[in-house]
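model.pdb follows; it contains PDB, C-alpha atoms.
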ATOM      1  CA  GLN A  20      16.301  13.384 -23.611
ATOM      2  CA  GLN A  21      12.908  14.961 -22.895
ATOM      3  CA  GLN A  22      11.280  12.547 -25.320
ATOM      4  CA  ARG A  23      12.253   9.656 -23.054
ATOM      5  CA  VAL A  24      10.058  11.154 -20.348
ATOM      6  CA  LEU A  25       7.281  12.677 -22.473
ATOM      7  CA  VAL A  26       5.499  10.875 -25.299
ATOM      8  CA  PRO A  27       2.943  12.245 -27.820
ATOM      9  CA  HIS A  28      -0.677  11.874 -26.690
ATOM     10  CA  THR A  29      -2.480  13.972 -29.314
ATOM     11  CA  PRO A  30      -1.096  16.203 -32.068
ATOM     12  CA  GLU A  31      -1.176  19.071 -29.557
ATOM     13  CA  GLU A  32      -0.335  17.333 -26.310
ATOM     14  CA  TYR A  33       2.319  15.210 -24.638
ATOM     15  CA  ARG A  34       1.973  12.886 -21.667
ATOM     16  CA  LEU A  35       4.385  11.212 -19.288
ATOM     17  CA  HIS A  36       5.869   7.979 -20.572
ATOM     18  CA  SER A  37       3.735   5.022 -19.421
ATOM     19  CA  THR A  38       6.469   3.494 -17.248
ATOM     20  CA  LEU A  39       7.038   6.734 -15.377
ATOM     21  CA  ARG A  40       3.303   7.367 -15.129
ATOM     22  CA  ARG A  41       2.688   3.927 -13.571
ATOM     23  CA  PHE A  42       5.293   4.706 -10.930
ATOM     24  CA  PHE A  43       3.637   7.988 -10.055
ATOM     25  CA  ASP A  44       0.177   6.420 -10.129
ATOM     26  CA  SER A  45       1.194   3.830  -7.566
ATOM     27  CA  ALA A  46       2.736   6.306  -5.161
ATOM     28  CA  LEU A  47       0.975   9.626  -5.542
ATOM     29  CA  ASN A  48      -2.299  11.310  -6.371
ATOM     30  CA  THR A  49      -3.179  10.172  -9.893
ATOM     31  CA  HIS A  50      -5.438  13.043 -10.920
ATOM     32  CA  ARG A  51      -2.993  15.796 -10.024
ATOM     33  CA  ILE A  52      -0.059  14.031 -11.649
ATOM     34  CA  LEU A  53      -1.870  13.467 -14.946
ATOM     35  CA  HIS A  54      -3.172  17.015 -14.950
ATOM     36  CA  SER A  55       0.320  18.401 -14.390
ATOM     37  CA  SER A  56       1.894  16.143 -16.993
ATOM     38  CA  ALA A  57      -0.717  17.178 -19.569
ATOM     39  CA  ASP A  58       0.054  20.868 -18.977
ATOM     40  CA  ILE A  59       3.781  20.306 -19.321
ATOM     41  CA  GLY A  60       3.241  18.169 -22.421
ATOM     42  CA  THR A  61       1.103  20.892 -24.005
ATOM     43  CA  ASN A  62       3.879  23.423 -23.466
ATOM     44  CA  PHE A  63       6.449  21.117 -25.040
ATOM     45  CA  GLY A  64       4.149  20.677 -28.031
ATOM     46  CA  ARG A  65       3.776  24.443 -28.328
ATOM     47  CA  LEU A  66       7.543  24.863 -28.139
ATOM     48  CA  GLU A  67       7.996  22.403 -30.986
ATOM     49  CA  VAL A  68       5.535  24.343 -33.181
ATOM     50  CA  LEU A  69       7.189  27.668 -32.351
ATOM     51  CA  THR A  70      10.621  26.266 -33.154
ATOM     52  CA  ASP A  71       9.447  25.054 -36.575
ATOM     53  CA  SER A  72       7.859  28.442 -37.257
ATOM     54  CA  TYR A  73      11.036  30.257 -36.199
ATOM     55  CA  ILE A  74      13.138  28.142 -38.562
ATOM     56  CA  ALA A  75      10.753  28.794 -41.429
ATOM     57  CA  ALA A  76      10.783  32.571 -40.785
ATOM     58  CA  PHE A  77      14.573  32.558 -40.511
ATOM     59  CA  ASN A  78      14.922  30.714 -43.828
ATOM     60  CA  GLU A  79      12.631  33.305 -45.447
ATOM     61  CA  ASP A  80      14.672  36.216 -43.975
ATOM     62  CA  ASN A  81      11.509  37.440 -42.245
ATOM     63  CA  GLU A  82      13.175  39.406 -39.451
ATOM     64  CA  SER A  83      10.006  40.657 -37.760
ATOM     65  CA  ASP A  84       8.504  37.177 -37.510
ATOM     66  CA  THR A  85      11.837  35.754 -36.376
ATOM     67  CA  ASP A  86      12.013  38.288 -33.529
ATOM     68  CA  ALA A  87       8.409  37.557 -32.548
ATOM     69  CA  TYR A  88       8.998  33.782 -32.487
ATOM     70  CA  GLU A  89      12.145  34.281 -30.417
ATOM     71  CA  ASP A  90      10.083  36.084 -27.789
ATOM     72  CA  GLU A  91       7.394  33.396 -27.834
ATOM     73  CA  ILE A  92       9.997  30.624 -27.592
ATOM     74  CA  ALA A  93      11.551  32.341 -24.576
ATOM     75  CA  GLN A  94       8.098  32.588 -22.992
ATOM     76  CA  ALA A  95       7.350  28.914 -23.722
ATOM     77  CA  VAL A  96      10.641  27.837 -22.139
ATOM     78  CA  PHE A  97       9.837  29.951 -19.090
ATOM     79  CA  GLU A  98       6.377  28.345 -18.803
ATOM     80  CA  ILE A  99       7.888  24.865 -19.092
ATOM     81  CA  SER A 100      10.403  25.702 -16.380
ATOM     82  CA  ASP A 101       7.668  27.167 -14.206
ATOM     83  CA  GLY A 102       5.444  24.139 -14.840
ATOM     84  CA  LEU A 103       8.207  21.714 -13.933
ATOM     85  CA  GLN A 104       8.833  23.620 -10.724
ATOM     86  CA  GLY A 105       5.126  23.433  -9.894
ATOM     87  CA  PHE A 106       5.135  19.761 -10.822
ATOM     88  CA  ILE A 107       7.983  19.086  -8.409
ATOM     89  CA  THR A 108       6.241  21.103  -5.708
ATOM     90  CA  ASN A 109       3.113  18.989  -6.191
ATOM     91  CA  LEU A 110       5.183  15.829  -5.920
ATOM     92  CA  GLN A 111       6.787  16.986  -2.711
ATOM     93  CA  ALA A 112       3.429  17.961  -1.227
ATOM     94  CA  ASN A 113       1.893  14.632  -2.212
ATOM     95  CA  ILE A 114       4.817  12.708  -0.777
ATOM     96  CA  GLU A 115       4.588  14.559   2.513
ATOM     97  CA  THR A 116       0.833  14.021   2.701
ATOM     98  CA  ARG A 117       0.385  10.611   1.169
ATOM     99  CA  PHE A 118       3.370   8.930   2.721
ATOM    100  CA  ALA A 119       2.709  10.336   6.221
ATOM    101  CA  ALA A 120       5.519   9.015   8.429
ATOM    102  CA  VAL A 121       6.780   6.604   5.769
ATOM    103  CA  SER A 122      10.112   7.339   4.134
ATOM    104  CA  SER A 123      10.192   4.872   1.229
ATOM    105  CA  ILE A 124       7.889   3.202  -1.278
ATOM    106  CA  SER A 125       8.566  -0.252   0.186
ATOM    107  CA  ALA A 126       7.641   1.040   3.625
ATOM    108  CA  LYS A 127       4.566   2.672   2.132
ATOM    109  CA  ARG A 128       3.428  -0.667   0.831
ATOM    110  CA  LYS A 129       3.762  -2.069   4.310
ATOM    111  CA  GLN A 130       1.629   0.755   5.633
ATOM    112  CA  ASN A 131      -1.056   0.372   3.009
ATOM    113  CA  GLU A 132      -1.651  -3.280   3.701
ATOM    114  CA  PHE A 133      -2.931  -3.154   7.282
ATOM    115  CA  TYR A 134      -6.470  -4.496   7.474
ATOM    116  CA  LEU A 135      -8.229  -1.656   9.251
ATOM    117  CA  ASP A 136     -10.413   1.400   8.646
ATOM    118  CA  ALA A 137      -8.368   4.597   8.715
ATOM    119  CA  THR A 138      -9.575   7.634  10.660
ATOM    120  CA  HIS A 139      -6.814  10.116   9.737
ATOM    121  CA  ALA A 140      -6.537  12.146   6.516
ATOM    122  CA  PRO A 141      -5.840  11.476   3.759
ATOM    123  CA  TRP A 142      -6.598   7.773   4.281
ATOM    124  CA  ALA A 143      -9.874   8.142   6.214
ATOM    125  CA  GLY A 144     -11.949   8.764   3.113
ATOM    126  CA  HIS A 145     -11.020   5.599   1.245
ATOM    127  CA  TRP A 146      -8.873   3.175   3.259
ATOM    128  CA  ARG A 147     -11.651   0.962   4.704
ATOM    129  CA  MET A 148     -10.031  -2.425   4.341
ATOM    130  CA  GLU A 149     -11.617  -3.997   7.426
ATOM    131  CA  SER A 150     -15.103  -2.953   6.295
ATOM    132  CA  TYR A 151     -14.388  -4.034   2.741
ATOM    133  CA  LEU A 152     -13.341  -7.530   3.751
ATOM    134  CA  LEU A 153     -16.087  -8.189   6.283
ATOM    135  CA  ARG A 154     -19.025  -6.316   4.769
ATOM    136  CA  GLU A 155     -18.367  -6.676   1.057
ATOM    137  CA  LEU A 156     -15.783  -9.229  -0.066
ATOM    138  CA  ILE A 157     -16.612 -12.175   2.214
ATOM    139  CA  PRO A 158     -20.406 -11.805   1.804
ATOM    140  CA  ALA A 159     -20.010 -11.497  -1.979
ATOM    141  CA  VAL A 160     -17.789 -14.584  -2.241
ATOM    142  CA  SER A 161     -20.066 -16.532   0.111
ATOM    143  CA  ALA A 162     -23.136 -15.649  -1.951
ATOM    144  CA  GLN A 163     -21.448 -16.430  -5.255
ATOM    145  CA  PHE A 164     -20.207 -19.869  -4.212
ATOM    146  CA  GLY A 165     -22.838 -20.816  -1.644
ATOM    147  CA  LEU A 166     -20.424 -20.939   1.292
ATOM    148  CA  ASP A 167     -21.454 -21.729   4.842
ATOM    149  CA  GLY A 168     -20.837 -18.495   6.716
ATOM    150  CA  THR A 169     -20.526 -20.362  10.021
ATOM    151  CA  ARG A 170     -17.512 -22.305   8.756
ATOM    152  CA  LEU A 171     -14.934 -19.716   7.743
ATOM    153  CA  GLY A 172     -11.242 -19.757   8.576
ATOM    154  CA  ILE A 173      -8.745 -16.929   8.324
ATOM    155  CA  SER A 174      -4.985 -17.057   7.800
ATOM    156  CA  GLY A 175      -2.180 -14.837   6.553
ATOM    157  CA  HIS A 176       1.522 -14.127   6.365
ATOM    158  CA  SER A 177       3.465 -11.277   8.001
ATOM    159  CA  MET A 178       1.177  -8.233   7.890
ATOM    160  CA  GLY A 179      -1.526 -10.543   6.578
ATOM    161  CA  GLY A 180      -0.925 -12.803   9.566
ATOM    162  CA  HIS A 181      -1.439  -9.833  11.829
ATOM    163  CA  GLY A 182      -4.625  -9.040   9.934
ATOM    164  CA  ALA A 183      -5.861 -12.589  10.435
ATOM    165  CA  LEU A 184      -5.254 -12.394  14.191
ATOM    166  CA  THR A 185      -6.753  -8.942  14.680
ATOM    167  CA  LEU A 186      -9.843  -9.506  12.538
ATOM    168  CA  ALA A 187     -10.517 -12.797  14.309
ATOM    169  CA  LEU A 188     -10.212 -11.131  17.725
ATOM    170  CA  ARG A 189     -12.141  -7.990  16.780
ATOM    171  CA  HIS A 190     -15.050  -9.992  15.352
ATOM    172  CA  PRO A 191     -15.716 -12.923  17.679
ATOM    173  CA  GLY A 192     -17.720 -15.707  16.124
ATOM    174  CA  ARG A 193     -17.027 -14.584  12.563
ATOM    175  CA  PHE A 194     -14.258 -17.132  12.013
ATOM    176  CA  ALA A 195     -14.129 -20.717  13.198
ATOM    177  CA  SER A 196     -10.367 -21.167  12.814
ATOM    178  CA  VAL A 197      -7.285 -18.957  12.780
ATOM    179  CA  SER A 198      -3.637 -19.400  11.838
ATOM    180  CA  ALA A 199      -0.706 -17.233  10.789
ATOM    181  CA  PHE A 200       2.750 -17.439   9.228
ATOM    182  CA  ALA A 201       5.372 -15.143  10.800
ATOM    183  CA  PRO A 202       2.772 -12.528  11.769
ATOM    184  CA  ILE A 203       3.374  -9.047  13.116
ATOM    185  CA  CYS A 204       2.169  -9.785  16.626
ATOM    186  CA  ALA A 205       2.582  -6.466  18.440
ATOM    187  CA  PRO A 206       2.520  -3.537  15.986
ATOM    188  CA  SER A 207       2.365  -1.012  18.826
ATOM    189  CA  GLN A 208       5.901  -2.118  19.694
ATOM    190  CA  CYS A 209       7.528  -2.171  16.241
ATOM    191  CA  PRO A 210       8.556   0.351  13.560
ATOM    192  CA  TRP A 211       6.197  -1.078  10.932
ATOM    193  CA  GLY A 212       3.273  -0.660  13.283
ATOM    194  CA  HIS A 213       4.272   2.842  14.376
ATOM    195  CA  LYS A 214       4.474   3.993  10.747
ATOM    196  CA  ALA A 215       1.169   2.419   9.782
ATOM    197  CA  PHE A 216      -0.764   3.536  12.865
ATOM    198  CA  THR A 217       0.568   7.080  12.618
ATOM    199  CA  GLY A 218      -0.477   7.226   8.980
ATOM    200  CA  TYR A 219      -3.916   5.750   9.527
ATOM    201  CA  PHE A 220      -4.794   7.149  12.972
ATOM    202  CA  GLY A 221      -2.571  10.196  13.328
ATOM    203  CA  GLN A 222      -0.987  10.891  16.709
ATOM    204  CA  ASP A 223      -3.837   9.352  18.722
ATOM    205  CA  GLU A 224      -2.084   6.321  20.207
ATOM    206  CA  SER A 225      -5.125   5.447  22.332
ATOM    207  CA  VAL A 226      -6.659   3.556  19.404
ATOM    208  CA  TRP A 227      -3.566   1.550  18.505
ATOM    209  CA  GLY A 228      -4.429  -1.245  20.900
ATOM    210  CA  ASP A 229      -7.717  -1.816  19.084
ATOM    211  CA  HIS A 230      -5.673  -3.096  16.158
ATOM    212  CA  ASP A 231      -2.823  -4.813  18.007
ATOM    213  CA  ALA A 232      -3.142  -8.615  18.194
ATOM    214  CA  SER A 233      -1.286  -8.940  21.487
ATOM    215  CA  VAL A 234      -3.302  -6.177  23.148
ATOM    216  CA  LEU A 235      -6.576  -7.582  21.838
ATOM    217  CA  MET A 236      -5.743 -11.049  23.150
ATOM    218  CA  ALA A 237      -4.771  -9.667  26.555
ATOM    219  CA  ARG A 238      -8.200  -7.996  26.812
ATOM    220  CA  GLN A 239     -10.071 -11.301  26.470
ATOM    221  CA  GLU A 240     -11.858 -12.694  29.518
ATOM    222  CA  GLY A 241     -11.285 -16.258  28.363
ATOM    223  CA  ALA A 242     -10.071 -18.273  25.383
ATOM    224  CA  PRO A 243     -11.841 -16.911  22.276
ATOM    225  CA  TYR A 244     -10.682 -19.917  20.229
ATOM    226  CA  PRO A 245     -10.680 -22.946  22.532
ATOM    227  CA  GLY A 246      -9.815 -25.209  19.602
ATOM    228  CA  GLY A 247      -6.437 -23.497  19.437
ATOM    229  CA  LEU A 248      -4.466 -21.106  17.248
ATOM    230  CA  LEU A 249      -1.535 -22.078  15.034
ATOM    231  CA  ILE A 250       1.454 -19.830  14.324
ATOM    232  CA  ASP A 251       4.688 -20.788  12.572
ATOM    233  CA  GLN A 252       7.795 -18.611  12.833
ATOM    234  CA  GLY A 253      11.230 -18.974  11.251
ATOM    235  CA  LEU A 254      14.133 -18.269  13.588
ATOM    236  CA  ALA A 255      16.308 -16.992  10.723
ATOM    237  CA  ASP A 256      13.665 -14.394   9.878
ATOM    238  CA  LYS A 257      15.464 -11.031   9.624
ATOM    239  CA  PHE A 258      12.345  -9.239  10.899
ATOM    240  CA  LEU A 259      11.841 -11.416  13.965
ATOM    241  CA  ALA A 260      13.553  -9.382  16.673
ATOM    242  CA  GLU A 261      12.576  -5.881  15.556
ATOM    243  CA  GLN A 262       9.192  -6.260  13.880
ATOM    244  CA  LEU A 263       7.313  -9.470  14.702
ATOM    245  CA  HIS A 264       7.443 -10.109  18.506
ATOM    246  CA  PRO A 265       5.640 -13.481  18.672
ATOM    247  CA  GLU A 266       6.638 -13.722  22.329
ATOM    248  CA  ALA A 267       4.254 -10.865  23.138
ATOM    249  CA  PHE A 268       1.314 -12.698  21.612
ATOM    250  CA  GLU A 269       2.430 -15.944  23.242
ATOM    251  CA  ALA A 270       2.416 -14.265  26.670
ATOM    252  CA  ALA A 271      -1.022 -12.734  26.053
ATOM    253  CA  CYS A 272      -2.448 -16.129  25.096
ATOM    254  CA  ALA A 273      -0.984 -17.732  28.206
ATOM    255  CA  ALA A 274      -2.464 -15.001  30.405
ATOM    256  CA  VAL A 275      -6.048 -15.635  29.226
ATOM    257  CA  GLY A 276      -5.789 -19.391  28.748
ATOM    258  CA  GLN A 277      -5.927 -19.327  24.951
ATOM    259  CA  PRO A 278      -4.433 -22.547  23.492
ATOM    260  CA  LEU A 279      -1.648 -21.621  21.089
ATOM    261  CA  THR A 280       0.688 -23.747  19.036
ATOM    262  CA  LEU A 281       3.654 -21.489  18.277
ATOM    263  CA  ARG A 282       6.259 -23.433  16.328
ATOM    264  CA  ARG A 283       9.713 -21.937  15.933
ATOM    265  CA  HIS A 284      11.787 -23.290  13.038
ATOM    266  CA  ALA A 285      15.566 -23.033  13.026
ATOM    267  CA  GLY A 286      17.066 -21.916   9.716
ATOM    268  CA  TYR A 287      13.828 -20.628   8.160
ATOM    269  CA  ASP A 288      13.370 -17.010   7.060
ATOM    270  CA  HIS A 289      10.367 -14.835   6.157
ATOM    271  CA  GLY A 290       9.924 -16.028   2.604
ATOM    272  CA  TYR A 291       8.141 -18.396   0.253
ATOM    273  CA  TYR A 292      10.026 -21.576   1.089
ATOM    274  CA  PHE A 293       9.239 -21.165   4.775
ATOM    275  CA  ILE A 294       5.525 -20.885   4.012
ATOM    276  CA  ALA A 295       5.649 -23.814   1.569
ATOM    277  CA  SER A 296       7.277 -25.968   4.234
ATOM    278  CA  VAL A 297       4.462 -25.571   6.767
ATOM    279  CA  VAL A 298       1.346 -24.685   4.756
ATOM    280  CA  ASP A 299       0.034 -28.267   4.761
ATOM    281  CA  ASP A 300      -0.179 -28.176   8.536
ATOM    282  CA  HIS A 301      -2.201 -24.960   8.348
ATOM    283  CA  VAL A 302      -4.623 -26.491   5.860
ATOM    284  CA  ALA A 303      -5.059 -29.443   8.209
ATOM    285  CA  HIS A 304      -5.526 -27.092  11.186
ATOM    286  CA  HIS A 305      -8.388 -25.287   9.457
ATOM    287  CA  ALA A 306      -9.896 -28.506   8.087
ATOM    288  CA  ARG A 307     -10.246 -29.941  11.593
ATOM    289  CA  ALA A 308     -12.261 -26.900  12.635
ATOM    290  CA  LEU A 309     -14.266 -26.431   9.451
ATOM    291  CA  VAL A 310     -15.012 -30.002   8.317
ATOM    292  CA  PRO A 311     -17.140 -31.784  10.959
ATOM    293  CA  ALA A 312     -16.183 -35.270   9.779
ATOM    294  CA  LEU A 313     -12.515 -34.605  10.439
ATOM    295  CA  SER A 314     -13.133 -33.428  13.993
ATOM    296  CA  GLY A 315     -15.585 -36.158  14.872
ATOM    297  CA  GLY A 316     -18.549 -33.759  14.689
TER     298      GLY A 316
END
Rewritten as structure tokens:
Amino acid sequence: QQQRVLVPHTPEEYRLHSTLRRFFDSALNTHRILHSSADIGTNFGRLEVLTDSYIAAFNEDNESDTDAYEDEIAQAVFEISDGLQGFITNLQANIETRFAAVSSISAKRKQNEFYLDATHAPWAGHWRMESYLLRELIPAVSAQFGLDGTRLGISGHSMGGHGALTLALRHPGRFASVSAFAPICAPSQCPWGHKAFTGYFGQDESVWGDHDASVLMARQEGAPYPGGLLIDQGLADKFLAEQLHPEAFEAACAAVGQPLTLRRHAGYDHGYYFIASVVDDHVAHHARALVPALSGG
């Protein structure tokens, strides 16, 4: 049964099976997991050698060697047990640290995908998604393909829709058009947002509004996108009432005079077919803003 978890790596070392290792890699600290698995694998390899030596000594009626190997086998089993306990302790510590307020892997994925720069450990050192997109990825793509940096649009779905709205509002003039499919519109008011913000910013709720689309829109002194924003939302979306809150963003737009087309679709959920049903309209929305000939410019 152990062999289903551990596989030979070298003649003297075992490693976690690749499927199990990929799971740990995606959820926990890779370096510590591989280090721990290598130690445990080494002990299993040592146990195998000791067992073979014990059998050989037993078959030769070598009582002194048999007794010695028995003691070493007992010690090896103890070290494996101790290593597994330490391994589990490391896992628990990583889960508590890395998952912050998140209680499942699926929720963790939701947390990881917010387009912002974290300020709270352990994410502050590496989770710089806002900086990556604006300072590295977009400039690199623009340079590679000769894009006009004054004619960029931004769009996204769900969390990505929220990212499109917040990045457009946090960086005025960077994007010429904006749209979203079923976006998280008020993360300060929903469980997804609370989990993500707590993980990325800690308990300092004063900064949450800086990454909340509805709050950012409400802070505007006028319409930041006079050509209009487009949002599509399915009314059969299971996340609508608890997580998305498009009405909050709609109210914020109305308060500052921002034109918004918010289309609500009966019978549509949060998935692929909803997006496929309306994506042509989003392409046309961006084309009108980005292609002068289509807008009469």
Could you state which residues are captured by the PyMOL selection byres ((chain A and resi 301) around 12) in this file, as a tab-separated table (two decimals) with C-alpha atoms, keeping the file's coordinate frame?
chain	number	residue	atom	x	y	z
A	172	GLY	CA	-11.24	-19.76	8.58
A	173	ILE	CA	-8.74	-16.93	8.32
A	174	SER	CA	-4.99	-17.06	7.80
A	175	GLY	CA	-2.18	-14.84	6.55
A	176	HIS	CA	1.52	-14.13	6.36
A	196	SER	CA	-10.37	-21.17	12.81
A	197	VAL	CA	-7.28	-18.96	12.78
A	198	SER	CA	-3.64	-19.40	11.84
A	199	ALA	CA	-0.71	-17.23	10.79
A	200	PHE	CA	2.75	-17.44	9.23
A	247	GLY	CA	-6.44	-23.50	19.44
A	248	LEU	CA	-4.47	-21.11	17.25
A	249	LEU	CA	-1.54	-22.08	15.03
A	250	ILE	CA	1.45	-19.83	14.32
A	251	ASP	CA	4.69	-20.79	12.57
A	280	THR	CA	0.69	-23.75	19.04
A	282	ARG	CA	6.26	-23.43	16.33
A	294	ILE	CA	5.52	-20.88	4.01
A	295	ALA	CA	5.65	-23.81	1.57
A	296	SER	CA	7.28	-25.97	4.23
A	297	VAL	CA	4.46	-25.57	6.77
A	298	VAL	CA	1.35	-24.68	4.76
A	299	ASP	CA	0.03	-28.27	4.76
A	300	ASP	CA	-0.18	-28.18	8.54
A	302	VAL	CA	-4.62	-26.49	5.86
A	303	ALA	CA	-5.06	-29.44	8.21
A	304	HIS	CA	-5.53	-27.09	11.19
A	305	HIS	CA	-8.39	-25.29	9.46
A	306	ALA	CA	-9.90	-28.51	8.09
A	307	ARG	CA	-10.25	-29.94	11.59
A	308	ALA	CA	-12.26	-26.90	12.64
- [ ] Point out the residue among A:Asp231, A:Asp71, A:Asp167, A:Asp86 with the least atom-to-atom distance to A:Gly180, counting only C-alpha atoms.
- [x] A:Asp231
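Atom pair atom CA of A:Leu279 / atom CA of A:Leu186 has a distance of 16.9 Å (rounded to one decimal).
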Name the residues that the PyMOL selection byres ((chain A and resi 68) around 12) picks from the file above, as a compact mmCIF listing (two decimals) with C-alpha atoms, in the frame of the given file, using the file's chain letters and numbers.
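In the end it all went to part16.txt:
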# COMPACT_ATOMS: atom_id res chain seq x y z
CA PRO A 30 -1.10 16.20 -32.07
CA GLU A 31 -1.18 19.07 -29.56
CA GLU A 32 -0.34 17.33 -26.31
CA THR A 61 1.10 20.89 -24.00
CA ASN A 62 3.88 23.42 -23.47
CA PHE A 63 6.45 21.12 -25.04
CA GLY A 64 4.15 20.68 -28.03
CA ARG A 65 3.78 24.44 -28.33
CA LEU A 66 7.54 24.86 -28.14
CA GLU A 67 8.00 22.40 -30.99
CA LEU A 69 7.19 27.67 -32.35
CA THR A 70 10.62 26.27 -33.15
CA ASP A 71 9.45 25.05 -36.58
CA SER A 72 7.86 28.44 -37.26
CA TYR A 73 11.04 30.26 -36.20
CA ILE A 74 13.14 28.14 -38.56
CA ALA A 75 10.75 28.79 -41.43
CA TYR A 88 9.00 33.78 -32.49
CA GLU A 91 7.39 33.40 -27.83
CA ILE A 92 10.00 30.62 -27.59
CA ALA A 95 7.35 28.91 -23.72
Open item on the list: I'd like the neighbourhood of stretch 188-191 of chain A as a ChimeraX atom specification, where a residue qualifies if any of its atoms comes within 8 Å (using all atoms listed in the file), though same-chain residues fewer than 4 positions away should be ignored.
Closed with: /A:184,229,232,235-236,243
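Within the file as shown, the PyMOL selection byres ((chain A and resi 171) around 6) identifies Arg170, Gly172, Phe194 and Ala195 of chain A.
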TODO: Could you give me, as a PyMOL selection string, the residues within 6 Å of stretch 148-162 of chain A, counting all atoms listed in the file and dropping anything in the same chain fewer than 3 positions from it?
DONE: chain A and resi 134-136+165-166
